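Asker: Structure file entry29.pdb (PDB, C-alpha atoms) right here:
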ATOM      1  CA  LEU F  25     -50.323 123.482 -32.061
ATOM      2  CA  GLN F  26     -50.985 120.404 -30.012
ATOM      3  CA  ILE F  27     -47.791 119.358 -28.288
ATOM      4  CA  ASP F  28     -48.761 115.668 -28.049
ATOM      5  CA  GLN F  29     -48.898 115.249 -31.815
ATOM      6  CA  TYR F  30     -45.258 116.368 -32.098
ATOM      7  CA  LYS F  31     -43.770 114.149 -29.389
ATOM      8  CA  PRO F  32     -40.986 112.085 -30.875
ATOM      9  CA  VAL F  33     -40.927 108.769 -29.065
ATOM     10  CA  GLU F  34     -37.346 108.463 -27.869
ATOM     11  CA  ILE F  35     -36.008 111.899 -26.907
ATOM     12  CA  SER F  36     -34.261 112.615 -23.615
ATOM     13  CA  HIS F  37     -34.457 116.290 -22.632
ATOM     14  CA  ILE F  38     -31.557 117.858 -20.730
ATOM     15  CA  PHE F  39     -31.497 121.462 -19.490
ATOM     16  CA  LEU F  40     -28.122 122.923 -18.496
ATOM     17  CA  GLU F  41     -27.784 126.257 -16.744
ATOM     18  CA  VAL F  42     -24.804 128.259 -18.009
ATOM     19  CA  LYS F  43     -23.189 131.547 -17.044
ATOM     20  CA  GLY F  44     -22.776 133.020 -20.525
ATOM     21  CA  TRP F  45     -21.055 132.666 -23.912
ATOM     22  CA  THR F  46     -17.762 131.208 -22.639
ATOM     23  CA  ASP F  47     -19.522 128.655 -20.454
ATOM     24  CA  LYS F  48     -21.805 127.690 -23.364
ATOM     25  CA  ILE F  49     -18.815 127.199 -25.672
ATOM     26  CA  SER F  50     -17.060 125.017 -23.106
ATOM     27  CA  LYS F  51     -20.129 122.827 -22.536
ATOM     28  CA  LEU F  52     -20.832 122.658 -26.270
ATOM     29  CA  GLN F  53     -17.317 121.401 -26.988
ATOM     30  CA  GLU F  54     -17.868 118.619 -24.433
ATOM     31  CA  LYS F  55     -21.220 117.622 -25.938
ATOM     32  CA  VAL F  56     -20.484 117.635 -29.676
ATOM     33  CA  ASP F  57     -18.221 114.615 -29.308
ATOM     34  CA  SER F  58     -21.351 112.553 -28.662
ATOM     35  CA  GLY F  59     -22.257 112.093 -32.319
ATOM     36  CA  LYS F  60     -24.135 113.781 -35.154
ATOM     37  CA  THR F  61     -25.453 117.064 -33.754
ATOM     38  CA  ILE F  62     -27.547 120.028 -34.843
ATOM     39  CA  VAL F  63     -26.791 123.175 -32.833
ATOM     40  CA  PHE F  64     -29.587 125.744 -32.969
ATOM     41  CA  VAL F  65     -29.109 129.471 -32.458
ATOM     42  CA  ASN F  66     -31.634 132.302 -32.704
ATOM     43  CA  THR F  67     -29.983 134.588 -35.277
ATOM     44  CA  LYS F  68     -27.871 134.439 -38.432
ATOM     45  CA  GLN F  69     -25.212 136.582 -36.762
ATOM     46  CA  ARG F  70     -25.075 134.208 -33.806
ATOM     47  CA  ALA F  71     -24.721 131.249 -36.207
ATOM     48  CA  GLU F  72     -21.774 132.943 -37.928
ATOM     49  CA  GLU F  73     -20.112 133.823 -34.599
ATOM     50  CA  LEU F  74     -20.470 130.291 -33.272
ATOM     51  CA  TYR F  75     -19.230 128.757 -36.519
ATOM     52  CA  GLU F  76     -16.149 131.014 -36.469
ATOM     53  CA  GLN F  77     -15.481 130.079 -32.850
ATOM     54  CA  LEU F  78     -15.751 126.312 -33.432
ATOM     55  CA  ARG F  79     -14.605 125.614 -36.980
ATOM     56  CA  ASP F  80     -10.925 125.057 -36.119
ATOM     57  CA  GLU F  81     -11.802 122.463 -33.467
ATOM     58  CA  VAL F  82     -14.951 120.785 -34.788
ATOM     59  CA  ASP F  83     -15.987 119.514 -38.225
ATOM     60  CA  ALA F  84     -18.969 121.836 -38.577
ATOM     61  CA  SER F  85     -21.271 123.077 -41.321
ATOM     62  CA  LEU F  86     -23.300 126.270 -41.260
ATOM     63  CA  LEU F  87     -26.929 126.783 -42.281
ATOM     64  CA  HIS F  88     -28.891 130.046 -42.295
ATOM     65  CA  GLY F  89     -31.004 132.140 -44.629
ATOM     66  CA  ASP F  90     -28.280 134.558 -45.758
ATOM     67  CA  LEU F  91     -26.307 131.756 -47.409
ATOM     68  CA  SER F  92     -26.994 131.115 -51.084
ATOM     69  CA  GLN F  93     -29.214 128.150 -51.902
ATOM     70  CA  ARG F  94     -26.155 126.407 -53.334
ATOM     71  CA  ALA F  95     -24.144 126.951 -50.128
ATOM     72  CA  ARG F  96     -27.058 125.767 -47.975
ATOM     73  CA  MET F  97     -27.407 122.565 -50.020
ATOM     74  CA  ARG F  98     -23.643 121.950 -50.000
ATOM     75  CA  ASN F  99     -23.463 122.398 -46.211
ATOM     76  CA  LEU F 100     -26.557 120.298 -45.555
ATOM     77  CA  ASN F 101     -25.261 117.495 -47.788
ATOM     78  CA  ALA F 102     -21.892 117.589 -46.010
ATOM     79  CA  PHE F 103     -23.778 117.048 -42.756
ATOM     80  CA  ARG F 104     -26.031 114.330 -44.206
ATOM     81  CA  LYS F 105     -23.031 112.421 -45.598
ATOM     82  CA  ASN F 106     -21.045 112.778 -42.351
ATOM     83  CA  TYR F 107     -18.335 115.017 -43.815
ATOM     84  CA  SER F 108     -19.236 117.280 -40.920
ATOM     85  CA  LYS F 109     -20.794 115.931 -37.756
ATOM     86  CA  VAL F 110     -22.086 119.264 -36.460
ATOM     87  CA  LEU F 111     -24.594 121.528 -38.194
ATOM     88  CA  ILE F 112     -24.855 125.037 -36.744
ATOM     89  CA  SER F 113     -28.193 126.448 -37.802
ATOM     90  CA  THR F 114     -30.893 129.002 -37.291
ATOM     91  CA  ASP F 115     -34.445 127.695 -37.199
ATOM     92  CA  LEU F 116     -34.167 127.172 -40.958
ATOM     93  CA  ALA F 117     -33.281 123.544 -40.138
ATOM     94  CA  SER F 118     -36.000 123.053 -37.533
ATOM     95  CA  ARG F 119     -38.702 122.245 -40.099
ATOM     96  CA  GLY F 120     -38.744 120.230 -43.258
ATOM     97  CA  ILE F 121     -35.140 119.084 -43.186
ATOM     98  CA  ASP F 122     -34.963 115.336 -42.869
ATOM     99  CA  VAL F 123     -31.700 113.904 -41.596
ATOM    100  CA  ILE F 124     -32.630 110.624 -39.945
ATOM    101  CA  ASP F 125     -29.466 109.872 -37.963
ATOM    102  CA  VAL F 126     -29.152 113.042 -35.852
ATOM    103  CA  GLU F 127     -28.153 111.832 -32.391
ATOM    104  CA  GLN F 128     -28.635 115.084 -30.559
ATOM    105  CA  VAL F 129     -29.966 118.594 -30.848
ATOM    106  CA  ILE F 130     -28.366 121.353 -28.816
ATOM    107  CA  ASN F 131     -30.263 124.568 -28.233
ATOM    108  CA  PHE F 132     -27.279 126.878 -27.850
ATOM    109  CA  ASP F 133     -29.864 129.670 -27.586
ATOM    110  CA  VAL F 134     -33.192 129.070 -25.860
ATOM    111  CA  PRO F 135     -35.940 129.071 -28.502
ATOM    112  CA  LYS F 136     -38.399 131.968 -28.496
ATOM    113  CA  ASP F 137     -41.438 129.764 -27.885
ATOM    114  CA  ILE F 138     -42.541 126.209 -27.159
ATOM    115  CA  GLU F 139     -43.519 125.465 -30.754
ATOM    116  CA  THR F 140     -39.995 126.328 -31.933
ATOM    117  CA  TYR F 141     -38.562 124.075 -29.221
ATOM    118  CA  ILE F 142     -40.752 121.164 -30.358
ATOM    119  CA  HIS F 143     -39.726 121.621 -34.000
ATOM    120  CA  ARG F 144     -36.024 121.885 -33.120
ATOM    121  CA  VAL F 145     -35.905 118.795 -30.933
ATOM    122  CA  GLY F 146     -37.963 116.897 -33.488
ATOM    123  CA  ARG F 147     -34.828 116.706 -35.643
ATOM    124  CA  THR F 148     -33.546 113.910 -33.391
ATOM    125  CA  GLY F 149     -35.165 110.688 -32.200
ATOM    126  CA  ARG F 150     -36.525 109.999 -35.675
ATOM    127  CA  MET F 151     -37.640 106.668 -37.161
ATOM    128  CA  GLY F 152     -37.605 104.916 -33.789
ATOM    129  CA  ARG F 153     -34.065 106.021 -32.915
ATOM    130  CA  LYS F 154     -33.105 107.493 -29.568
ATOM    131  CA  GLY F 155     -32.131 111.128 -29.422
ATOM    132  CA  THR F 156     -31.049 113.758 -26.948
ATOM    133  CA  ALA F 157     -32.134 117.390 -26.745
ATOM    134  CA  ILE F 158     -29.842 119.628 -24.702
ATOM    135  CA  THR F 159     -30.793 123.217 -23.946
ATOM    136  CA  PHE F 160     -28.364 125.758 -22.510
ATOM    137  CA  TYR F 161     -29.956 128.578 -20.528
ATOM    138  CA  THR F 162     -29.050 131.410 -18.183
ATOM    139  CA  TRP F 163     -30.986 132.482 -15.103
ATOM    140  CA  LYS F 164     -32.674 135.170 -17.225
ATOM    141  CA  GLU F 165     -34.328 132.432 -19.314
ATOM    142  CA  GLU F 166     -35.692 130.312 -16.457
ATOM    143  CA  ILE F 167     -39.328 131.284 -17.092
ATOM    144  CA  MET F 168     -39.211 130.004 -20.689
ATOM    145  CA  ILE F 169     -37.384 126.858 -19.544
ATOM    146  CA  LYS F 170     -40.152 126.154 -17.007
ATOM    147  CA  ARG F 171     -42.766 126.548 -19.765
ATOM    148  CA  ILE F 172     -40.833 124.178 -22.045
ATOM    149  CA  LYS F 173     -40.422 121.618 -19.250
ATOM    150  CA  GLN F 174     -44.168 121.688 -18.610
ATOM    151  CA  ALA F 175     -44.920 121.245 -22.316
ATOM    152  CA  VAL F 176     -42.652 118.204 -22.681
ATOM    153  CA  LYS F 177     -43.636 116.798 -19.279
ATOM    154  CA  TYR F 178     -40.014 116.915 -18.099
ATOM    155  CA  PRO F 179     -38.332 114.902 -16.549
ATOM    156  CA  GLU F 180     -40.195 112.116 -18.305
ATOM    157  CA  LYS F 181     -38.476 110.440 -21.223
ATOM    158  CA  TYR F 182     -40.738 109.636 -24.137
TER     159      TYR F 182
END
Go ahead and express the file in the form of structure tokens.
Answerer:
Amino acid sequence: LQIDQYKPVEISHIFLEVKGWTDKISKLQEKVDSGKTIVFVNTKQRAEELYEQLRDEVDASLLHGDLSQRARMRNLNAFRKNYSKVLISTDLASRGIDVIDVEQVINFDVPKDIETYIHRVGRTGRMGRKGTAITFYTWKEEIMIKRIKQAVKYPEKY
């Protein structure tokens, strides 16, 4: 994978250190008011937990591999048509899903590698639009965050 070929033109990268689940939830609730958002998590269980935590407060849809194809399409279409402004997803949505007007991507969980990060954040800043990629991390994940920052030439905006 060559990182340069995947650089969307107008993405601002933000990295926020958090203390744990409760701190992540609090910061997420502040950020999802900013517009159409995909929130990425690393596991199906985590997606379900986050959806359960947020669904009473946020118009959210859920997307992961254990949902039926029909449920995945229904939830994705709800997000595309703005019936829900937040899509909580595993990496299922990081490739091949084209929703042009995503304003921000939030990595609720730090991705497992740089390639996954690039694919996730590539869901925003499409077709010449500006986008924001926010990544929550704990001190235990600082090494991966440093690697990601080097790969995207942080703090540059591109």
Asker: Any idea what's packed within 8 Å of Leu111 of chain F, counting all atoms listed in the file, ignoring anything in its chain fewer than 4 positions away? Could you give it as a tab-separated table (two decimals) with C-alpha atoms, in the coordinates of the input?
Answerer:
chain	number	residue	atom	x	y	z
F	61	THR	CA	-25.45	117.06	-33.75
F	62	ILE	CA	-27.55	120.03	-34.84
F	63	VAL	CA	-26.79	123.18	-32.83
F	84	ALA	CA	-18.97	121.84	-38.58
F	85	SER	CA	-21.27	123.08	-41.32
F	86	LEU	CA	-23.30	126.27	-41.26
F	87	LEU	CA	-26.93	126.78	-42.28
F	100	LEU	CA	-26.56	120.30	-45.56
F	103	PHE	CA	-23.78	117.05	-42.76
Asker: Determine, counting all atoms listed in the file, which protein, DNA and RNA residues have an atom within 9 Å of an atom of Glu127 of chain F; residues of the same chain fewer than 3 positions away are not included. Present the result as a PDB file with C-alpha atoms, keeping the file's coordinate frame.
Answerer:
ATOM      1  CA  SER F  58     -21.351 112.553 -28.662  1.00  0.00           C
ATOM      2  CA  GLY F  59     -22.257 112.093 -32.319  1.00  0.00           C
ATOM      3  CA  LYS F  60     -24.135 113.781 -35.154  1.00  0.00           C
ATOM      4  CA  THR F  61     -25.453 117.064 -33.754  1.00  0.00           C
ATOM      5  CA  ILE F  62     -27.547 120.028 -34.843  1.00  0.00           C
ATOM      6  CA  ILE F 124     -32.630 110.624 -39.945  1.00  0.00           C
ATOM      7  CA  ARG F 147     -34.828 116.706 -35.643  1.00  0.00           C
ATOM      8  CA  THR F 148     -33.546 113.910 -33.391  1.00  0.00           C
ATOM      9  CA  GLY F 149     -35.165 110.688 -32.200  1.00  0.00           C
ATOM     10  CA  ARG F 153     -34.065 106.021 -32.915  1.00  0.00           C
ATOM     11  CA  LYS F 154     -33.105 107.493 -29.568  1.00  0.00           C
ATOM     12  CA  GLY F 155     -32.131 111.128 -29.422  1.00  0.00           C
ATOM     13  CA  THR F 156     -31.049 113.758 -26.948  1.00  0.00           C
ATOM     14  CA  ALA F 157     -32.134 117.390 -26.745  1.00  0.00           C
TER      15      ALA F 157
END
Asker: Counting only C-alpha atoms, figure out which residue out of F:Ile112, F:Val123, F:Ile38, F:Leu78 gets nearest to Ser50 of chain F.
Answerer: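 Smallest separation from Ser50 of chain F among the options: F:Leu78.
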Asker: Can you tell me how far atom CA of Tyr161 of chain F sits from atom CA of Glu41 of chain F, in Å to one decimal?
Answerer: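 Between these atoms lies a distance of 4.9 Å.
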Asker: Could you tell me, as a list in words, which residues have any atom at most 7 Å from (-28.0, 130.4, -33.2), counting all atoms listed in the file?
Answerer: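 All residues meeting the 7 Å criterion around (-28.0, 130.4, -33.2) are Phe64, Val65, Asn66, Thr67, Lys68, Arg70, Ala71, Ser113, Thr114, Phe132 and Asp133 of chain F.
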Asker: What does the distance between atom CA of Ile49 of chain F and atom CA of Val129 of chain F come to in Å, to one decimal place?
Answerer: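 That distance, rounded to one decimal, is 15.0 Å.
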Asker: Can you spell out as a PyMOL selection string the set of residues that the PyMOL selection byres ((chain F and resi 134-144) around 8) selects in the structure I just provided?
Answerer: chain F and resi 25+27+30-31+64-66+115+117-119+129+131-133+145-147+159-161+165+168-169+171-172+175
Asker: Which is closer to Ala102 of chain F than all the others in F:Asp57, F:Asp83, F:Glu76, F:Asp125, using only C-alpha atoms?
Answerer: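 When distances to Ala102 of chain F are compared using only C-alpha atoms, the smallest one comes from F:Asp83.
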Asker: One decimal, Å: what's the distance from atom CA of Arg150 of chain F over to atom CA of Arg94 of chain F, could you say?
Answerer: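 Calculated distance between atom CA of Arg150 of chain F and atom CA of Arg94 of chain F is 26.2 Å.
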